[in-house]
$ cat protein11.txt   # compact mmCIF, C-alpha atoms
# COMPACT_ATOMS: atom_id res chain seq x y z
CA MET A 1 146.67 49.66 82.66
CA ASP A 2 144.28 47.64 84.81
CA ARG A 3 145.41 46.29 88.19
CA PHE A 4 146.16 42.80 86.84
CA THR A 5 148.37 44.20 84.09
CA VAL A 6 150.23 46.54 86.46
CA SER A 7 150.87 43.71 88.90
CA SER A 8 152.21 41.44 86.15
CA VAL A 9 154.51 44.11 84.74
CA MET A 10 155.82 45.04 88.19
CA ASN A 11 156.73 41.44 88.93
CA VAL A 12 159.02 41.56 85.89
CA ILE A 13 160.40 45.04 86.64
CA GLY A 14 161.20 43.92 90.19
CA ASP A 15 163.87 41.60 88.77
CA PHE A 16 165.92 44.67 87.77
CA PHE A 17 166.29 45.81 91.39
CA PRO A 18 167.74 44.30 94.60
CA LYS A 19 165.34 42.11 96.57
CA GLU A 20 165.07 44.74 99.34
CA THR A 21 163.40 47.15 96.87
CA SER A 22 159.73 48.12 97.21
CA ILE A 23 157.94 49.14 94.00
CA ALA A 24 155.18 51.76 93.73
CA VAL A 25 153.18 52.76 90.65
CA SER A 26 151.08 55.90 90.45
CA ASN A 27 149.01 57.90 88.06
CA ASP A 28 149.37 61.69 88.20
CA ARG A 29 147.29 61.97 91.41
CA GLU A 30 147.48 58.80 93.50
CA PHE A 31 149.23 55.46 93.93
CA ILE A 32 147.58 52.58 92.07
CA TYR A 33 149.94 49.70 92.96
CA TYR A 34 152.42 48.92 95.73
CA GLN A 35 154.69 45.93 96.28
CA PRO A 36 156.52 46.19 99.64
CA SER A 37 159.80 44.51 100.52
CA LYS A 38 160.96 43.10 103.86
CA LYS A 39 163.69 45.76 104.17
CA VAL A 40 161.68 48.94 103.65
CA ASP A 41 157.90 49.32 103.68
CA LEU A 42 156.32 52.76 103.47
CA GLY A 43 152.84 51.33 103.99
CA ILE A 44 151.52 52.79 100.74
CA LYS A 45 148.02 51.67 99.76
CA PRO A 46 146.37 51.95 96.32
CA GLY A 47 144.30 55.12 96.37
CA ASP A 48 146.72 57.05 98.63
CA ASN A 49 147.39 60.59 97.42
CA ILE A 50 150.91 61.51 96.30
CA ASN A 51 152.39 63.78 98.99
CA GLU A 52 154.74 66.64 98.09
CA ASP A 53 157.59 65.15 100.14
CA THR A 54 157.76 61.98 98.02
CA VAL A 55 160.23 61.29 95.24
CA THR A 56 157.21 60.36 93.09
CA TYR A 57 155.76 63.87 93.42
CA LYS A 58 159.15 65.42 92.59
CA ALA A 59 159.50 63.30 89.43
CA LEU A 60 156.01 64.26 88.24
CA ALA A 61 156.69 67.94 88.94
CA ALA A 62 160.11 67.91 87.25
CA GLN A 63 158.82 65.70 84.39
CA GLN A 64 162.00 63.65 84.53
CA LYS A 65 163.69 60.90 86.53
CA VAL A 66 164.44 61.86 90.13
CA ALA A 67 166.64 59.84 92.49
CA GLU A 68 167.43 60.99 96.01
CA PHE A 69 167.43 60.07 99.69
CA ILE A 70 164.21 61.13 101.46
CA ASP A 71 164.53 61.55 105.23
CA ASN A 72 161.73 63.61 106.76
CA ASN A 73 158.48 62.49 105.16
CA ALA A 74 154.86 61.60 105.84
CA PHE A 75 155.66 57.88 105.87
CA GLY A 76 157.97 58.28 108.88
CA THR A 77 160.58 56.01 107.25
CA PRO A 78 163.74 57.28 105.54
CA TYR A 79 164.37 55.75 102.12
CA TYR A 80 166.29 56.12 98.87
CA GLY A 81 163.82 56.59 96.03
CA MET A 82 164.16 56.50 92.28
CA SER A 83 161.11 57.58 90.29
CA VAL A 84 160.70 57.54 86.50
CA PRO A 85 157.71 59.32 84.89
CA ILE A 86 155.45 57.54 82.41
CA PHE A 87 154.57 59.86 79.54
CA GLU A 88 151.47 59.87 77.38
CA GLY A 89 152.08 62.56 74.81
CA VAL A 90 153.65 65.69 76.28
CA PHE A 91 152.74 65.29 79.96
CA PRO A 92 153.54 62.59 82.53
CA LYS A 93 150.53 60.43 83.39
CA GLY A 94 152.17 58.48 86.21
CA CYS A 95 155.39 57.13 87.70
CA VAL A 96 157.17 53.92 88.56
CA THR A 97 159.10 54.37 91.81
CA ALA A 98 161.74 52.08 93.30
CA ILE A 99 162.05 52.42 97.09
CA MET A 100 165.24 51.17 98.76
CA PRO A 101 166.65 51.39 102.31
CA SER A 102 169.82 53.06 101.02
CA LYS A 103 171.51 54.01 97.77
CA PRO A 104 172.75 50.82 96.02
CA TYR A 105 176.48 50.52 95.53
CA LEU A 106 176.24 50.53 91.74
CA LEU A 107 174.20 53.73 91.85
CA SER A 108 176.95 55.34 93.96
CA SER A 109 179.54 54.76 91.26
CA THR A 110 180.95 57.60 89.15
CA PHE A 111 182.21 55.39 86.31
CA LEU A 112 181.39 52.39 84.14
CA THR A 113 183.84 49.56 83.52
CA ILE A 114 183.63 48.64 79.84
CA LYS A 115 184.98 45.61 77.98
CA THR A 116 187.31 46.37 75.08
CA ASP A 117 188.87 43.84 72.71
CA GLU A 118 191.66 42.92 75.13
CA SER A 119 190.85 44.34 78.57
CA TRP A 120 188.42 46.12 80.90
CA VAL A 121 188.63 49.90 81.24
CA PRO A 122 186.98 52.05 83.95
CA VAL A 123 185.52 55.12 82.20
CA PRO A 124 184.31 58.12 84.24
CA PHE A 125 180.76 59.24 83.44
CA GLU A 126 181.97 62.64 82.20
CA GLU A 127 184.07 60.95 79.46
CA ILE A 128 181.18 58.91 78.01
CA ILE A 129 179.89 60.42 74.76
CA PHE A 130 176.90 58.15 74.12
CA LEU A 131 175.55 54.67 74.77
CA GLU A 132 173.95 52.47 72.12
CA ALA A 133 171.83 49.31 72.46
CA GLN A 134 173.51 46.57 70.45
CA ASN A 135 172.91 42.79 70.47
CA ARG A 136 171.49 42.60 74.03
CA LYS A 137 174.47 44.54 75.36
CA THR A 138 175.35 48.22 75.35
CA ARG A 139 178.07 49.75 73.23
CA ILE A 140 179.71 52.70 74.94
CA GLN A 141 181.61 55.39 73.05
CA SER A 142 183.95 57.51 75.14
CA GLY A 143 186.94 59.78 74.80
CA ARG A 144 189.09 56.74 75.63
CA GLY A 145 187.62 54.65 72.83
CA LYS A 146 184.72 52.22 72.65
CA GLY A 147 183.71 49.09 74.46
CA SER A 148 180.67 47.22 75.75
CA HIS A 149 178.82 46.78 79.03
CA LYS A 150 176.77 43.74 80.07
CA LEU A 151 173.82 45.81 81.35
CA ASN A 152 171.19 46.88 78.85
CA LEU A 153 170.31 50.48 78.07
CA SER A 154 167.30 50.63 80.41
CA GLU A 155 169.34 49.28 83.33
CA LEU A 156 172.13 51.78 82.71
CA GLU A 157 169.62 54.61 82.42
CA LEU A 158 168.82 54.09 86.10
CA ILE A 159 172.50 54.45 87.03
CA LEU A 160 173.58 57.42 84.93
CA PRO A 161 173.18 60.94 86.40
CA THR A 162 170.17 62.75 84.90
CA GLU A 163 171.96 66.09 84.80
CA GLN A 164 174.39 64.69 82.19
CA PHE A 165 172.60 61.88 80.36
CA ILE A 166 169.29 61.77 78.52
CA ARG A 167 167.48 59.06 76.58
CA VAL A 168 166.84 60.27 73.03
CA HIS A 169 165.89 57.01 71.30
CA ARG A 170 165.07 53.46 72.35
CA SER A 171 168.61 52.63 71.19
CA TYR A 172 170.53 55.69 72.44
CA ILE A 173 171.41 57.64 75.58
CA VAL A 174 173.62 60.69 75.05
CA ASN A 175 175.81 62.84 77.27
CA VAL A 176 174.46 66.35 76.69
CA ASN A 177 177.94 67.80 77.25
CA PHE A 178 179.06 66.16 73.99
CA ILE A 179 176.26 67.52 71.79
CA ALA A 180 177.79 69.89 69.25
CA GLU A 181 174.59 70.77 67.33
CA ILE A 182 170.86 70.06 67.39
CA LEU A 183 169.29 70.10 63.94
CA PRO A 184 165.58 69.90 63.04
CA ASP A 185 164.60 66.60 61.44
CA PHE A 186 161.44 65.11 59.95
CA HIS A 187 158.15 64.86 61.89
CA SER A 188 159.09 67.28 64.71
CA THR A 189 162.17 65.30 65.72
CA PHE A 190 165.84 66.28 65.87
CA LEU A 191 169.22 65.14 64.63
CA LEU A 192 172.14 65.42 67.04
CA ILE A 193 175.68 66.04 65.84
CA MET A 194 177.98 64.86 68.59
CA LYS A 195 181.43 66.36 69.13
CA ASN A 196 183.02 63.22 67.67
CA GLN A 197 180.85 63.80 64.53
CA THR A 198 178.51 60.88 65.22
CA LYS A 199 174.93 61.60 64.10
CA ILE A 200 172.13 60.42 66.42
CA GLN A 201 168.41 60.86 65.82
CA VAL A 202 166.06 61.95 68.58
CA SER A 203 162.97 59.81 68.02
CA GLN A 204 159.45 61.21 68.16
CA THR A 205 158.81 59.31 71.40
CA TYR A 206 161.57 61.20 73.22
CA ALA A 207 161.45 64.54 71.38
CA SER A 208 159.23 66.39 73.87
CA GLN A 209 161.18 65.12 76.87
CA PHE A 210 164.43 66.09 75.14
CA ARG A 211 163.22 69.67 74.52
CA ARG A 212 162.10 70.06 78.12
CA ALA A 213 165.39 68.76 79.48
CA LEU A 214 167.44 71.15 77.34
CA GLY A 215 165.03 74.06 77.73
CA PHE A 216 164.22 75.01 74.14
$ encode --input "protein11.txt" --output "structure tokens"
Amino acid sequence: MDRFTVSSVMNVIGDFFPKETSIAVSNDREFIYYQPSKKVDLGIKPGDNINEDTVTYKALAAQQKVAEFIDNNAFGTPYYGMSVPIFEGVFPKGCVTAIMPSKPYLLSSTFLTIKTDESWVPVPFEEIIFLEAQNRKTRIQSGRGKGSHKLNLSELELILPTEQFIRVHRSYIVNVNFIAEILPDFHSTFLLIMKNQTKIQVSQTYASQFRRALGF
């Protein structure tokens, strides 16, 4: 992406985060865009190398989303960072990193409150089987039944713990603890059989990331 395109996209992405969030974009070597906030400013400049003590570096090295509080670092400012790699083929080619003064309340939660036909039900993360994009909302299937959440799948992906949940399709996030079987499917993709017998396809876009996350 050129600088104009990155800037335009980041202005939209910024709406998903609190106003005190700074946004950084990098390739696999250096930062190419930075939008500071009034609450936390790391002083990043386009062209700055990605240091090993940054959450951006950790996400590129792990090849998956990383979210953690960074205290001692080259910027001299403690921050809570959330970095999501951008893949081109098998390898990450960059990252989008949200930089906040502290961990947002919603990200500190251990459950989602879903809307059922007659009420709202708090469901712990460990009881969620999968999440499905449906009519601008998210349908959530859990051991307690099913319901919906007002946030979309991409917004919920930022909240859910990466050690349990993985995006397998533009319309699905699954809890790996509820995968019963992984079957080969067409075009180097996979078919998941969940423990409740639901079948979910891993799309070609997410197949490599899925294999890396599960180590096979």
$ closest_residue --input "protein11.txt" --among "A:Phe31, A:Phe165, A:Tyr172, A:Phe178" --to "A:Gln197" --atoms "only C-alpha atoms"
A:Phe178
$ atom_distance --input "protein11.txt" --atom1 "atom CA of A:Asn196" --atom2 "atom CA of A:Lys65"
27.1 Å
$ residues_around --input "protein11.txt" --residues "A:Leu131" --least-positions-apart "5" --cutoff "7 Å" --atoms "all atoms listed in the file" --output "mmCIF file with C-alpha atoms, in the coordinates of the input"
data_model
loop_
_atom_site.group_PDB
_atom_site.id
_atom_site.type_symbol
_atom_site.label_atom_id
_atom_site.label_comp_id
_atom_site.auth_asym_id
_atom_site.auth_seq_id
_atom_site.Cartn_x
_atom_site.Cartn_y
_atom_site.Cartn_z
ATOM 1 C CA THR A 138 175.350 48.220 75.350
ATOM 2 C CA ARG A 139 178.070 49.750 73.230
ATOM 3 C CA ILE A 140 179.710 52.700 74.940
ATOM 4 C CA GLN A 141 181.610 55.390 73.050
ATOM 5 C CA TYR A 172 170.530 55.690 72.440
ATOM 6 C CA ILE A 173 171.410 57.640 75.580
ATOM 7 C CA VAL A 174 173.620 60.690 75.050
#
$ axis_aligned_box --input "protein11.txt" --around "stretch 43-50 of chain A" --padding-each-side "5 Å" --output "JSON"
{"center_x": 148.6, "center_y": 56.4, "center_z": 100.1, "size_x": 18.5, "size_y": 20.2, "size_z": 17.7}
$ closest_residue --input "protein11.txt" --among "A:Gly76, A:Val84, A:His149, A:Gln35" --to "A:Val96" --atoms "only C-alpha atoms"
A:Val84
$ residues_around --input "protein11.txt" --residues "A:Pro46" --least-positions-apart "6" --cutoff "8 Å" --atoms "all atoms listed in the file" --output "PyMOL selection string"
chain A and resi 30-34
$ residues_around --input "protein11.txt" --residues "A:Ile193" --least-positions-apart "6" --cutoff "10 Å" --atoms "all atoms listed in the file" --output "PyMOL selection string"
chain A and resi 178-183+199-201
$ residues_around --input "protein11.txt" --residues "A:Phe216" --least-positions-apart "5" --cutoff "12 Å" --atoms "all atoms listed in the file" --output "PyMOL selection string"
chain A and resi 182+207-211
$ write_last_selection --input "protein11.txt" --atoms "C-alpha atoms" --output "JSON list (two decimals), in the coordinates of the input"
[["chain", "number", "residue", "atom", "x", "y", "z"],
["A", 182, "ILE", "CA", 170.86, 70.06, 67.39],
["A", 207, "ALA", "CA", 161.45, 64.54, 71.38],
["A", 208, "SER", "CA", 159.23, 66.39, 73.87],
["A", 209, "GLN", "CA", 161.18, 65.12, 76.87],
["A", 210, "PHE", "CA", 164.43, 66.09, 75.14],
["A", 211, "ARG", "CA", 163.22, 69.67, 74.52]]
$ residues_near_point --input "protein11.txt" --point "(157.3, 51.9, 105.0)" --cutoff "8 Å" --atoms "only C-alpha atoms" --output "PyMOL selection string"
chain A and resi 36+40-44+75-77
$ decode --input "protein11.txt" --residues "stretch 106-139 of chain A" --atoms "N, CA and C atoms" --output "PDB file, in the first residue's frame"
ATOM      1  N   LEU A 106     -12.928  -3.846  28.130  1.00  0.00           N
ATOM      2  CA  LEU A 106     -13.532  -4.952  27.383  1.00  0.00           C
ATOM      3  C   LEU A 106     -12.523  -6.048  27.113  1.00  0.00           C
ATOM      4  N   LEU A 107     -11.247  -5.650  26.904  1.00  0.00           N
ATOM      5  CA  LEU A 107     -10.218  -6.646  26.653  1.00  0.00           C
ATOM      6  C   LEU A 107      -9.835  -7.396  27.917  1.00  0.00           C
ATOM      7  N   SER A 108     -10.224  -6.868  29.088  1.00  0.00           N
ATOM      8  CA  SER A 108      -9.920  -7.526  30.359  1.00  0.00           C
ATOM      9  C   SER A 108     -10.990  -8.554  30.730  1.00  0.00           C
ATOM     10  N   SER A 109     -12.061  -8.582  29.972  1.00  0.00           N
ATOM     11  CA  SER A 109     -13.168  -9.479  30.283  1.00  0.00           C
ATOM     12  C   SER A 109     -12.796 -10.934  30.000  1.00  0.00           C
ATOM     13  N   THR A 110     -13.477 -11.843  30.670  1.00  0.00           N
ATOM     14  CA  THR A 110     -13.273 -13.277  30.461  1.00  0.00           C
ATOM     15  C   THR A 110     -14.555 -13.939  29.932  1.00  0.00           C
ATOM     16  N   PHE A 111     -15.506 -13.118  29.499  1.00  0.00           N
ATOM     17  CA  PHE A 111     -16.780 -13.647  29.009  1.00  0.00           C
ATOM     18  C   PHE A 111     -17.381 -12.691  27.987  1.00  0.00           C
ATOM     19  N   LEU A 112     -18.366 -13.192  27.238  1.00  0.00           N
ATOM     20  CA  LEU A 112     -19.169 -12.365  26.351  1.00  0.00           C
ATOM     21  C   LEU A 112     -20.622 -12.466  26.791  1.00  0.00           C
ATOM     22  N   THR A 113     -21.323 -11.360  26.781  1.00  0.00           N
ATOM     23  CA  THR A 113     -22.751 -11.374  27.110  1.00  0.00           C
ATOM     24  C   THR A 113     -23.530 -11.425  25.802  1.00  0.00           C
ATOM     25  N   ILE A 114     -24.229 -12.528  25.584  1.00  0.00           N
ATOM     26  CA  ILE A 114     -24.932 -12.724  24.316  1.00  0.00           C
ATOM     27  C   ILE A 114     -26.441 -12.543  24.498  1.00  0.00           C
ATOM     28  N   LYS A 115     -27.096 -12.146  23.424  1.00  0.00           N
ATOM     29  CA  LYS A 115     -28.547 -11.935  23.418  1.00  0.00           C
ATOM     30  C   LYS A 115     -29.226 -13.186  22.905  1.00  0.00           C
ATOM     31  N   THR A 116     -30.086 -13.780  23.728  1.00  0.00           N
ATOM     32  CA  THR A 116     -30.891 -14.918  23.296  1.00  0.00           C
ATOM     33  C   THR A 116     -32.279 -14.407  22.921  1.00  0.00           C
ATOM     34  N   ASP A 117     -33.211 -15.298  22.694  1.00  0.00           N
ATOM     35  CA  ASP A 117     -34.561 -14.881  22.306  1.00  0.00           C
ATOM     36  C   ASP A 117     -35.252 -14.040  23.378  1.00  0.00           C
ATOM     37  N   GLU A 118     -34.976 -14.345  24.653  1.00  0.00           N
ATOM     38  CA  GLU A 118     -35.724 -13.694  25.727  1.00  0.00           C
ATOM     39  C   GLU A 118     -34.873 -12.971  26.764  1.00  0.00           C
ATOM     40  N   SER A 119     -33.540 -13.106  26.699  1.00  0.00           N
ATOM     41  CA  SER A 119     -32.707 -12.525  27.746  1.00  0.00           C
ATOM     42  C   SER A 119     -31.267 -12.345  27.273  1.00  0.00           C
ATOM     43  N   TRP A 120     -30.418 -11.862  28.172  1.00  0.00           N
ATOM     44  CA  TRP A 120     -28.983 -11.757  27.929  1.00  0.00           C
ATOM     45  C   TRP A 120     -28.274 -12.743  28.849  1.00  0.00           C
ATOM     46  N   VAL A 121     -27.280 -13.433  28.318  1.00  0.00           N
ATOM     47  CA  VAL A 121     -26.594 -14.474  29.080  1.00  0.00           C
ATOM     48  C   VAL A 121     -25.079 -14.266  29.019  1.00  0.00           C
ATOM     49  N   PRO A 122     -24.407 -14.078  30.170  1.00  0.00           N
ATOM     50  CA  PRO A 122     -22.944 -14.016  30.158  1.00  0.00           C
ATOM     51  C   PRO A 122     -22.372 -15.421  29.924  1.00  0.00           C
ATOM     52  N   VAL A 123     -21.522 -15.558  28.901  1.00  0.00           N
ATOM     53  CA  VAL A 123     -20.946 -16.861  28.565  1.00  0.00           C
ATOM     54  C   VAL A 123     -19.428 -16.778  28.687  1.00  0.00           C
ATOM     55  N   PRO A 124     -18.818 -17.561  29.573  1.00  0.00           N
ATOM     56  CA  PRO A 124     -17.350 -17.564  29.684  1.00  0.00           C
ATOM     57  C   PRO A 124     -16.706 -17.978  28.369  1.00  0.00           C
ATOM     58  N   PHE A 125     -15.531 -17.413  28.078  1.00  0.00           N
ATOM     59  CA  PHE A 125     -14.831 -17.732  26.838  1.00  0.00           C
ATOM     60  C   PHE A 125     -14.680 -19.239  26.625  1.00  0.00           C
ATOM     61  N   GLU A 126     -14.343 -19.963  27.718  1.00  0.00           N
ATOM     62  CA  GLU A 126     -14.047 -21.390  27.569  1.00  0.00           C
ATOM     63  C   GLU A 126     -15.272 -22.214  27.185  1.00  0.00           C
ATOM     64  N   GLU A 127     -16.484 -21.628  27.264  1.00  0.00           N
ATOM     65  CA  GLU A 127     -17.698 -22.358  26.892  1.00  0.00           C
ATOM     66  C   GLU A 127     -18.157 -22.043  25.468  1.00  0.00           C
ATOM     67  N   ILE A 128     -17.500 -21.089  24.819  1.00  0.00           N
ATOM     68  CA  ILE A 128     -17.862 -20.723  23.441  1.00  0.00           C
ATOM     69  C   ILE A 128     -17.267 -21.744  22.469  1.00  0.00           C
ATOM     70  N   ILE A 129     -18.091 -22.304  21.615  1.00  0.00           N
ATOM     71  CA  ILE A 129     -17.657 -23.318  20.653  1.00  0.00           C
ATOM     72  C   ILE A 129     -17.143 -22.660  19.372  1.00  0.00           C
ATOM     73  N   PHE A 130     -17.945 -21.764  18.804  1.00  0.00           N
ATOM     74  CA  PHE A 130     -17.521 -21.007  17.625  1.00  0.00           C
ATOM     75  C   PHE A 130     -18.350 -19.737  17.503  1.00  0.00           C
ATOM     76  N   LEU A 131     -17.854 -18.822  16.676  1.00  0.00           N
ATOM     77  CA  LEU A 131     -18.544 -17.573  16.380  1.00  0.00           C
ATOM     78  C   LEU A 131     -18.704 -17.465  14.874  1.00  0.00           C
ATOM     79  N   GLU A 132     -19.879 -16.997  14.435  1.00  0.00           N
ATOM     80  CA  GLU A 132     -20.178 -16.927  13.010  1.00  0.00           C
ATOM     81  C   GLU A 132     -20.721 -15.550  12.638  1.00  0.00           C
ATOM     82  N   ALA A 133     -20.165 -14.944  11.593  1.00  0.00           N
ATOM     83  CA  ALA A 133     -20.674 -13.671  11.089  1.00  0.00           C
ATOM     84  C   ALA A 133     -22.038 -13.904  10.459  1.00  0.00           C
ATOM     85  N   GLN A 134     -23.020 -13.077  10.865  1.00  0.00           N
ATOM     86  CA  GLN A 134     -24.381 -13.296  10.373  1.00  0.00           C
ATOM     87  C   GLN A 134     -25.170 -11.992  10.439  1.00  0.00           C
ATOM     88  N   ASN A 135     -25.516 -11.437   9.267  1.00  0.00           N
ATOM     89  CA  ASN A 135     -26.359 -10.244   9.190  1.00  0.00           C
ATOM     90  C   ASN A 135     -25.845  -9.082  10.034  1.00  0.00           C
ATOM     91  N   ARG A 136     -24.566  -8.740   9.854  1.00  0.00           N
ATOM     92  CA  ARG A 136     -23.915  -7.604  10.517  1.00  0.00           C
ATOM     93  C   ARG A 136     -23.778  -7.775  12.033  1.00  0.00           C
ATOM     94  N   LYS A 137     -24.140  -8.937  12.533  1.00  0.00           N
ATOM     95  CA  LYS A 137     -23.919  -9.259  13.934  1.00  0.00           C
ATOM     96  C   LYS A 137     -23.102 -10.547  13.986  1.00  0.00           C
ATOM     97  N   THR A 138     -22.910 -11.068  15.158  1.00  0.00           N
ATOM     98  CA  THR A 138     -22.174 -12.316  15.309  1.00  0.00           C
ATOM     99  C   THR A 138     -23.022 -13.326  16.062  1.00  0.00           C
ATOM    100  N   ARG A 139     -23.207 -14.478  15.450  1.00  0.00           N
ATOM    101  CA  ARG A 139     -23.916 -15.565  16.142  1.00  0.00           C
ATOM    102  C   ARG A 139     -22.899 -16.364  16.933  1.00  0.00           C
TER     103      ARG A 139
END
